[in-house]
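Okay, protein-v5.txt is below, compact mmCIF, C-alpha atoms:
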# COMPACT_ATOMS: atom_id res chain seq x y z
CA MET V 1 0.00 0.00 0.00
CA ILE V 2 1.35 3.42 -1.02
CA ASN V 3 0.47 6.22 1.40
CA ILE V 4 -0.16 9.63 -0.18
CA ILE V 5 -0.39 13.16 1.18
CA MET V 6 -2.70 15.18 -1.07
CA ARG V 7 -1.67 18.85 -1.19
CA GLY V 8 -4.53 20.97 -2.52
CA CYS V 9 -7.01 18.33 -1.37
CA ASN V 10 -10.03 20.66 -1.23
CA GLY V 11 -9.61 21.96 -4.77
CA ARG V 12 -11.40 20.55 -7.80
CA MET V 13 -8.56 18.22 -8.81
CA GLY V 14 -7.84 17.25 -5.22
CA GLN V 15 -11.40 16.03 -4.81
CA VAL V 16 -11.32 14.13 -8.10
CA ILE V 17 -8.14 12.37 -6.96
CA THR V 18 -9.73 11.62 -3.59
CA ASP V 19 -12.64 9.88 -5.31
CA ILE V 20 -10.36 7.91 -7.66
CA ILE V 21 -8.13 6.66 -4.84
CA LYS V 22 -11.14 5.38 -2.91
CA LYS V 23 -11.52 2.74 -5.63
CA ASP V 24 -7.81 1.81 -5.81
CA GLU V 25 -6.60 -0.95 -3.47
CA ASP V 26 -2.92 -0.10 -4.01
CA VAL V 27 -2.96 3.48 -2.68
CA GLN V 28 -4.58 5.55 0.03
CA ILE V 29 -4.58 9.21 1.06
CA VAL V 30 -3.43 9.43 4.67
CA ALA V 31 -3.60 13.25 4.96
CA GLY V 32 -4.59 16.34 3.03
CA ILE V 33 -3.13 19.87 2.92
CA ASP V 34 -5.29 22.89 2.13
CA LEU V 35 -5.92 26.41 3.43
CA MET V 36 -9.42 26.57 2.01
CA PRO V 37 -12.34 24.78 3.69
CA LEU V 38 -14.27 22.07 1.87
CA GLU V 39 -17.97 22.78 1.45
CA GLY V 40 -20.72 20.21 1.10
CA ARG V 41 -18.73 17.09 2.04
CA GLU V 42 -16.06 15.77 4.38
CA ASN V 43 -12.69 14.30 3.49
CA PRO V 44 -12.04 10.72 4.67
CA TYR V 45 -8.64 11.80 6.02
CA PRO V 46 -7.29 14.56 8.31
CA VAL V 47 -6.55 17.91 6.69
CA TYR V 48 -3.83 20.34 7.73
CA GLU V 49 -3.22 23.95 6.70
CA ASN V 50 0.40 23.28 5.76
CA LEU V 51 2.69 20.32 5.31
CA ALA V 52 4.93 21.25 8.24
CA GLU V 53 2.02 20.69 10.63
CA CYS V 54 1.30 17.23 9.25
CA ASN V 55 3.11 14.51 11.22
CA ILE V 56 1.59 11.56 9.37
CA LEU V 57 4.04 9.27 7.61
CA ALA V 58 3.66 8.93 3.85
CA ASP V 59 5.47 7.60 0.79
CA VAL V 60 4.78 10.44 -1.65
CA VAL V 61 3.10 13.86 -1.96
CA ILE V 62 0.78 14.76 -4.83
CA ASP V 63 0.68 18.54 -5.26
CA PHE V 64 -2.28 20.09 -7.11
CA SER V 65 -2.23 23.49 -5.39
CA SER V 66 -0.44 26.65 -6.56
CA PRO V 67 3.14 27.88 -6.98
CA LYS V 68 2.82 30.12 -3.89
CA GLY V 69 3.73 27.46 -1.33
CA LEU V 70 6.57 25.87 -3.28
CA THR V 71 9.38 26.89 -0.91
CA GLU V 72 7.66 25.33 2.10
CA LEU V 73 6.75 22.20 0.14
CA LEU V 74 10.31 21.61 -1.05
CA SER V 75 11.81 22.38 2.35
CA VAL V 76 9.62 19.91 4.25
CA CYS V 77 9.92 17.19 1.62
CA ARG V 78 13.71 17.51 1.53
CA GLU V 79 13.82 17.22 5.31
CA ARG V 80 11.58 14.12 5.29
CA LYS V 81 12.95 12.64 2.04
CA LEU V 82 9.45 12.66 0.56
CA PRO V 83 9.04 12.29 -3.23
CA ILE V 84 6.72 14.81 -4.92
CA VAL V 85 4.41 14.46 -7.90
CA LEU V 86 4.30 18.12 -8.93
CA CYS V 87 1.10 18.73 -10.91
CA THR V 88 1.03 22.48 -10.28
CA THR V 89 1.93 24.75 -13.21
CA GLY V 90 2.86 28.42 -13.64
CA PHE V 91 6.24 28.36 -11.89
CA SER V 92 8.70 31.20 -12.38
CA GLU V 93 12.23 30.59 -13.64
CA GLU V 94 13.48 31.05 -10.09
CA GLN V 95 11.05 28.45 -8.80
CA LEU V 96 12.01 26.00 -11.54
CA ALA V 97 15.61 26.39 -10.40
CA GLN V 98 14.48 25.62 -6.83
CA ILE V 99 12.80 22.45 -8.06
CA GLU V 100 15.93 21.34 -9.94
CA GLU V 101 18.03 21.94 -6.83
CA ALA V 102 15.63 19.97 -4.61
CA ALA V 103 15.71 17.06 -7.08
CA LYS V 104 19.34 16.49 -6.10
CA GLU V 105 18.02 15.24 -2.74
CA ILE V 106 14.53 13.87 -3.45
CA ALA V 107 12.57 12.35 -6.34
CA ILE V 108 10.38 14.89 -8.15
CA LEU V 109 8.07 14.17 -11.09
CA ARG V 110 6.86 17.25 -12.94
CA SER V 111 4.76 17.39 -16.10
CA ALA V 112 2.71 20.02 -17.93
CA ASN V 113 0.01 17.37 -18.37
CA MET V 114 -0.60 14.31 -16.18
CA SER V 115 -2.85 12.49 -18.66
CA LEU V 116 -1.61 9.04 -19.63
CA GLY V 117 -3.20 9.57 -23.05
CA ILE V 118 -1.42 12.87 -23.72
CA ASN V 119 1.92 11.42 -22.73
CA THR V 120 1.33 8.44 -24.99
CA LEU V 121 0.40 10.90 -27.75
CA ALA V 122 3.71 12.69 -27.19
CA LYS V 123 5.54 9.39 -27.60
CA LEU V 124 3.70 8.71 -30.87
CA ALA V 125 4.35 12.25 -32.07
CA GLU V 126 8.08 11.85 -31.54
CA ALA V 127 8.14 8.70 -33.63
CA ALA V 128 5.97 10.23 -36.38
CA ALA V 129 8.04 13.42 -36.52
CA LYS V 130 11.26 11.50 -37.07
CA ILE V 131 9.77 9.84 -40.14
CA LEU V 132 7.45 12.48 -41.58
CA ALA V 133 9.40 15.70 -40.99
CA GLU V 134 12.40 14.22 -42.74
CA ALA V 135 10.07 13.40 -45.65
CA GLY V 136 9.03 17.05 -45.95
CA PHE V 137 5.75 17.00 -44.01
CA ASP V 138 4.67 20.25 -42.34
CA MET V 139 3.77 20.02 -38.64
CA GLU V 140 0.96 21.92 -36.93
CA ILE V 141 -0.55 21.67 -33.44
CA VAL V 142 -4.09 22.89 -32.71
CA GLU V 143 -5.27 23.01 -29.10
CA ARG V 144 -8.78 23.79 -27.85
CA HIS V 145 -9.80 24.68 -24.31
CA HIS V 146 -12.66 26.26 -22.36
CA SER V 147 -13.28 29.98 -22.45
CA ARG V 148 -11.93 30.55 -18.92
CA LYS V 149 -8.42 29.27 -19.63
CA LEU V 150 -5.99 32.16 -19.23
CA ASP V 151 -2.84 31.00 -21.00
CA ALA V 152 -2.39 30.36 -24.72
CA PRO V 153 -1.00 28.23 -26.13
CA SER V 154 -1.49 25.55 -23.52
CA GLY V 155 1.44 24.08 -21.67
CA THR V 156 0.49 20.74 -23.19
CA ALA V 157 0.76 22.08 -26.74
CA LEU V 158 4.25 23.33 -25.92
CA LEU V 159 5.10 19.98 -24.33
CA LEU V 160 4.12 18.21 -27.56
CA ALA V 161 6.07 20.67 -29.70
CA ASP V 162 9.12 20.38 -27.47
CA ARG V 163 9.07 16.59 -27.62
CA MET V 164 8.80 16.65 -31.43
CA ASN V 165 11.50 19.29 -31.76
CA ALA V 166 13.85 17.38 -29.46
CA ALA V 167 13.36 14.26 -31.56
CA LEU V 168 14.41 16.32 -34.60
CA GLY V 169 17.56 17.75 -33.05
CA GLN V 170 16.04 21.14 -32.11
CA LYS V 171 16.03 22.23 -35.77
CA TYR V 172 12.54 23.79 -35.69
CA HIS V 173 11.12 27.05 -34.35
CA TYR V 174 7.54 27.77 -33.25
CA THR V 175 5.04 30.07 -34.96
CA PHE V 176 2.02 31.20 -32.94
CA ASP V 177 0.50 33.84 -35.22
CA ARG V 178 0.64 34.35 -38.99
CA SER V 179 -1.74 37.32 -39.19
CA GLY V 180 1.00 39.94 -39.37
CA ARG V 181 2.91 38.50 -42.29
CA ARG V 182 2.35 37.65 -45.93
CA GLN V 183 4.72 34.87 -46.93
CA GLU V 184 4.95 31.16 -47.48
CA ARG V 185 5.22 28.79 -44.56
CA ASP V 186 8.77 28.14 -43.34
CA PRO V 187 9.49 24.38 -43.68
CA LYS V 188 11.37 24.52 -40.36
CA GLU V 189 8.48 25.79 -38.25
CA ILE V 190 5.97 24.06 -36.02
CA GLY V 191 2.72 26.03 -36.05
CA ILE V 192 0.79 26.18 -32.76
CA SER V 193 -2.79 27.50 -32.71
CA ALA V 194 -5.09 28.05 -29.72
CA VAL V 195 -8.90 27.94 -29.68
CA ARG V 196 -10.90 29.11 -26.63
CA GLY V 197 -14.61 28.53 -26.15
CA GLY V 198 -17.39 26.97 -24.14
CA THR V 199 -16.55 24.23 -21.67
CA ILE V 200 -14.00 22.25 -23.70
CA VAL V 201 -11.88 20.37 -21.16
CA GLY V 202 -8.98 19.93 -23.55
CA GLU V 203 -8.28 18.86 -27.13
CA HIS V 204 -4.87 18.57 -28.76
CA GLU V 205 -4.43 17.71 -32.42
CA ILE V 206 -1.13 17.20 -34.23
CA ILE V 207 -1.28 17.53 -38.02
CA PHE V 208 1.40 16.18 -40.33
CA ALA V 209 0.61 17.63 -43.76
CA GLY V 210 2.53 16.29 -46.74
CA ARG V 211 2.07 16.27 -50.48
CA ASP V 212 -1.39 14.83 -51.19
CA GLU V 213 -1.71 13.19 -47.76
CA VAL V 214 -2.37 14.21 -44.17
CA ILE V 215 -1.86 12.28 -40.94
CA GLU V 216 -3.55 13.48 -37.73
CA LEU V 217 -2.95 12.45 -34.13
CA LYS V 218 -5.53 13.67 -31.64
CA HIS V 219 -6.32 13.47 -27.93
CA THR V 220 -9.58 14.62 -26.35
CA ALA V 221 -10.15 14.92 -22.61
CA TYR V 222 -13.83 14.62 -21.69
CA SER V 223 -13.31 15.22 -17.97
CA ARG V 224 -10.59 16.24 -15.53
CA GLU V 225 -10.52 12.67 -14.25
CA VAL V 226 -7.94 11.77 -16.91
CA PHE V 227 -5.43 14.15 -15.28
CA ALA V 228 -6.22 12.79 -11.82
CA THR V 229 -5.76 9.20 -12.97
CA GLY V 230 -2.38 10.09 -14.40
CA ALA V 231 -1.33 11.78 -11.15
CA VAL V 232 -2.18 8.65 -9.17
CA GLN V 233 -0.23 6.45 -11.59
CA ALA V 234 2.69 8.89 -11.30
CA ALA V 235 2.59 8.58 -7.50
CA LYS V 236 2.77 4.80 -7.79
CA PHE V 237 5.73 5.14 -10.13
CA LEU V 238 7.61 7.68 -8.00
CA ALA V 239 7.26 6.14 -4.53
CA GLY V 240 10.59 4.66 -3.50
CA ARG V 241 12.57 6.17 -6.40
CA LYS V 242 16.00 7.65 -5.87
CA ALA V 243 16.54 11.42 -6.04
CA GLY V 244 16.24 13.07 -9.44
CA MET V 245 13.91 14.76 -11.92
CA TYR V 246 11.31 12.53 -13.55
CA ASP V 247 8.46 13.08 -16.01
CA MET V 248 5.54 11.10 -17.37
CA ARG V 249 7.71 9.28 -19.88
CA GLY V 250 8.69 6.89 -17.13
CA VAL V 251 5.05 6.30 -16.22
CA VAL V 252 3.95 5.42 -19.77
CA GLY V 253 7.15 3.54 -20.57
CA ALA V 254 8.43 6.02 -23.15

Go ahead and express the file in the form of C-alpha cells.
Amino acid sequence: MINIIMRGCNGRMGQVITDIIKKDEDVQIVAGIDLMPLEGRENPYPVYENLAECNILADVVIDFSSPKGLTELLSVCRERKLPIVLCTTGFSEEQLAQIEEAAKEIAILRSANMSLGINTLAKLAEAAAKILAEAGFDMEIVERHHSRKLDAPSGTALLLADRMNAALGQKYHYTFDRSGRRQERDPKEIGISAVRGGTIVGEHEIIFAGRDEVIELKHTAYSREVFATGAVQAAKFLAGRKAGMYDMRGVVGA
C-alpha cells in the first residue's frame, strides 16, 4: 500500500483524486493539505493547513495546489525525504531552479500534463516526426480549451512541440500567429494555434501535412478525471525512487 499526502485536497482536482483513490486498493490518502475549507462534504482523512504541521508518515506527496507554497513544500519534503508528484503549473524561472536543486536530494516528477493519453500521444508524435518531418511534411498543433483558460497556447501544446523538436535535433522554431505576415510557410516551423470557447476540457491535435496526404494524431479529454488518474499512476511510479527529476515518460514507458 502506497500512502499519499494530497496537497490541494479541497480543490477541484484534489477532490477528483480523492474519489479515484477510494476505488484503488494499491494506494490511500493518509492526509490532506489545504488552506481553504471544503464545502458540502467531508474528506475521509485529516486535513492540515500546511505540510509542516502534518506529522503523518507517507510515501509520496501529490501537489495540485499553486506555486505560492513551493518553498515550504520543497523544504519539508527535503527534510523528510518525501518524493513529490508536482502537478502544479505556472512556476517562475526562479522556482524552476528551486525544483531542480531539490531534485538532487529527493525524487520529483513534474509534467505540464498528467494524462496518460497525452503522454502516450507525445511518444507517438516523436516517432511520427522523425519519419514524416524528414520526408518534408509540415507540422501543426491545434489546441482547444474552455473559455476561462488564461494561458495560450497551452502548456500541453508546448510539451508536444518540445518533444517533437527534441526528436528532430532542435532544428525547428515555433510560430504562434501568422496574421501579421504575408509569406509562405517556413518548412522549419511548427505552427501552434489556440482555440478558446465553451466548456472544452482539452483537445490537442497534431497535423502532419505532406504532399497529397495528411496524418492526424488527436487526444480529447472529456473530464478532468484523466489528469487525476495520471497523477495517481505517477505517485505509484515515483514512490521509493532515488533522487532526481522525472516526467511522465517513465510512467507510460516512453

Original post:
Got a sec: who's within 12 Å of Val60 (chain V), counting all atoms listed in the file, leaving out chain neighbours fewer than 6 positions off, as an NGL selection string?
Top reply: :V and (1-7 or 27-31 or 77-78 or 80-86 or 106-109 or 231-241)

Original post:
What is the distance between CA of Ile141 (chain V) and CA of Val252 (chain V), in Å to one decimal?
Top reply: 21.7 Å

**OP:** Figure out the distance between CA of Glu79 (chain V) and CA of Lys104 (chain V), please, to one decimal in Å.
**Re:**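 CA of Glu79 (chain V) lies 12.7 Å from CA of Lys104 (chain V).
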
Subject >> Distance query Ala228 (chain V) at most 12 Å, all atoms listed in the file, self and fewer than 5 positions along chain excluded, as a count of residues only >> reply: 26

**OP:** Give me the residues within 12 Å of region 178-185 of chain V as a list in words, counting all atoms listed in the file and dropping any in the same chain fewer than 6 places off.
**Re:**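 Surrounding residues, per the criterion: Phe137, Asp138, Met139, Glu140, Gly191, Ile192 and Ser193 of chain V.
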
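The coordinates place CA of Leu96 (chain V) at 25.0 Å from CA of Leu121 (chain V).
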
**OP:** Using only C-alpha atoms, pick whichever of V:Asp186, V:Glu105, V:Asp247, V:Asp24 has the shortest atom-to-atom distance to Asn119 (chain V).
**Re:** V:Asp247

Subject >> Close residues, Gly136 (chain V) itself excluded, 12 Å, all atoms listed in the file, min 2 positions apart in chain, as a list in words >> reply: Ala129, Lys130, Ile131, Leu132, Ala133, Glu134, Asp138, Met139, Asp186, Pro187, Lys188, Glu189, Phe208, Ala209, Gly210, Arg211, Asp212, Glu213 and Val214 of chain V

Original post:
Taking only C-alpha atoms into account, which of V:Leu160, V:His204, V:Gln95, V:Thr175 comes nearest Ser111 (chain V)?
Top reply: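 Looking only at the distances to Ser111 (chain V), the closest residue turns out to be V:Leu160.
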
Subject >> Residue neighbourhood Gly253 (chain V), 9 Å, all atoms listed in the file, exclusion window fewer than 4 positions, as a list in words >> reply: Thr120, Met248 and Arg249 of chain V

**OP:** Have a look at V:Met36, V:Ile99, V:Ile200, V:Cys54 and name the one nearest to Met245 (chain V); count only C-alpha atoms.
**Re:** V:Ile99

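Each of V:Ala152, V:Ala135, V:Ile56, V:Ala103 was checked against Tyr246 (chain V) using all atoms listed in the file; the smallest atom-to-atom distance is that of V:Ala103.
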
**OP:** Have a look at V:Pro37, V:Gly250, V:Gly8, V:Gly230 and name the one nearest to Thr88 (chain V); count only C-alpha atoms.
**Re:**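 Closest candidate: V:Gly8.
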
Subject >> Residue nearest Lys218 (chain V) - candidates V:Gly197, V:Gly117, V:Gly155, V:Gly169, atoms counted: all atoms listed in the file >> reply: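 Closest candidate: V:Gly117.
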
Expected file content for region 212-242 of chain V, N, CA and C atoms, as a CSV table (one decimal), in the first residue's frame:
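Saved the output as decode11.csv:
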chain,number,residue,atom,x,y,z
V,212,ASP,N,-0.2,15.7,-50.9
V,212,ASP,CA,-1.4,14.8,-51.2
V,212,ASP,C,-1.8,13.8,-50.1
V,213,GLU,N,-1.3,14.0,-48.9
V,213,GLU,CA,-1.7,13.2,-47.8
V,213,GLU,C,-1.5,13.9,-46.4
V,214,VAL,N,-2.4,13.6,-45.5
V,214,VAL,CA,-2.4,14.2,-44.2
V,214,VAL,C,-2.5,13.1,-43.1
V,215,ILE,N,-1.7,13.2,-42.1
V,215,ILE,CA,-1.9,12.3,-40.9
V,215,ILE,C,-2.2,13.1,-39.7
V,216,GLU,N,-3.2,12.7,-38.9
V,216,GLU,CA,-3.5,13.5,-37.7
V,216,GLU,C,-3.5,12.6,-36.5
V,217,LEU,N,-2.9,13.1,-35.4
V,217,LEU,CA,-3.0,12.5,-34.1
V,217,LEU,C,-3.7,13.4,-33.2
V,218,LYS,N,-4.7,12.8,-32.5
V,218,LYS,CA,-5.5,13.7,-31.6
V,218,LYS,C,-5.9,13.0,-30.3
V,219,HIS,N,-5.9,13.9,-29.3
V,219,HIS,CA,-6.3,13.5,-27.9
V,219,HIS,C,-7.4,14.4,-27.5
V,220,THR,N,-8.5,13.8,-26.9
V,220,THR,CA,-9.6,14.6,-26.3
V,220,THR,C,-9.8,14.2,-24.9
V,221,ALA,N,-9.8,15.2,-24.0
V,221,ALA,CA,-10.1,14.9,-22.6
V,221,ALA,C,-11.6,15.3,-22.4
V,222,TYR,N,-12.4,14.4,-21.9
V,222,TYR,CA,-13.8,14.6,-21.7
V,222,TYR,C,-14.1,15.0,-20.2
V,223,SER,N,-13.2,14.8,-19.4
V,223,SER,CA,-13.3,15.2,-18.0
V,223,SER,C,-11.9,15.4,-17.4
V,224,ARG,N,-11.9,16.0,-16.2
V,224,ARG,CA,-10.6,16.2,-15.5
V,224,ARG,C,-10.1,15.0,-14.9
V,225,GLU,N,-10.9,13.9,-14.9
V,225,GLU,CA,-10.5,12.7,-14.2
V,225,GLU,C,-9.3,12.1,-14.9
V,226,VAL,N,-9.1,12.3,-16.2
V,226,VAL,CA,-7.9,11.8,-16.9
V,226,VAL,C,-6.6,12.3,-16.3
V,227,PHE,N,-6.6,13.6,-15.9
V,227,PHE,CA,-5.4,14.1,-15.3
V,227,PHE,C,-5.2,13.6,-13.9
V,228,ALA,N,-6.3,13.4,-13.2
V,228,ALA,CA,-6.2,12.8,-11.8
V,228,ALA,C,-5.7,11.4,-11.9
V,229,THR,N,-6.2,10.6,-12.8
V,229,THR,CA,-5.8,9.2,-13.0
V,229,THR,C,-4.3,9.1,-13.2
V,230,GLY,N,-3.8,10.0,-14.1
V,230,GLY,CA,-2.4,10.1,-14.4
V,230,GLY,C,-1.5,10.5,-13.2
V,231,ALA,N,-2.1,11.4,-12.4
V,231,ALA,CA,-1.3,11.8,-11.1
V,231,ALA,C,-1.2,10.6,-10.2
V,232,VAL,N,-2.2,9.8,-10.1
V,232,VAL,CA,-2.2,8.6,-9.2
V,232,VAL,C,-1.2,7.6,-9.7
V,233,GLN,N,-1.2,7.4,-11.0
V,233,GLN,CA,-0.2,6.5,-11.6
V,233,GLN,C,1.2,7.0,-11.4
V,234,ALA,N,1.4,8.3,-11.5
V,234,ALA,CA,2.7,8.9,-11.3
V,234,ALA,C,3.2,8.7,-9.9
V,235,ALA,N,2.2,8.8,-8.9
V,235,ALA,CA,2.6,8.6,-7.5
V,235,ALA,C,3.0,7.2,-7.3
V,236,LYS,N,2.4,6.2,-7.9
V,236,LYS,CA,2.8,4.8,-7.8
V,236,LYS,C,4.2,4.6,-8.4
V,237,PHE,N,4.4,5.3,-9.5
V,237,PHE,CA,5.7,5.1,-10.1
V,237,PHE,C,6.8,5.8,-9.3
V,238,LEU,N,6.6,6.9,-8.7
V,238,LEU,CA,7.6,7.7,-8.0
V,238,LEU,C,8.0,7.2,-6.6
V,239,ALA,N,7.0,6.6,-5.9
V,239,ALA,CA,7.3,6.1,-4.5
V,239,ALA,C,8.4,5.2,-4.5
V,240,GLY,N,9.4,5.5,-3.6
V,240,GLY,CA,10.6,4.7,-3.5
V,240,GLY,C,11.7,4.9,-4.5
V,241,ARG,N,11.5,5.9,-5.4
V,241,ARG,CA,12.6,6.2,-6.4
V,241,ARG,C,13.7,7.0,-5.8
V,242,LYS,N,14.9,6.9,-6.3
V,242,LYS,CA,16.0,7.7,-5.9
V,242,LYS,C,15.8,9.1,-6.3
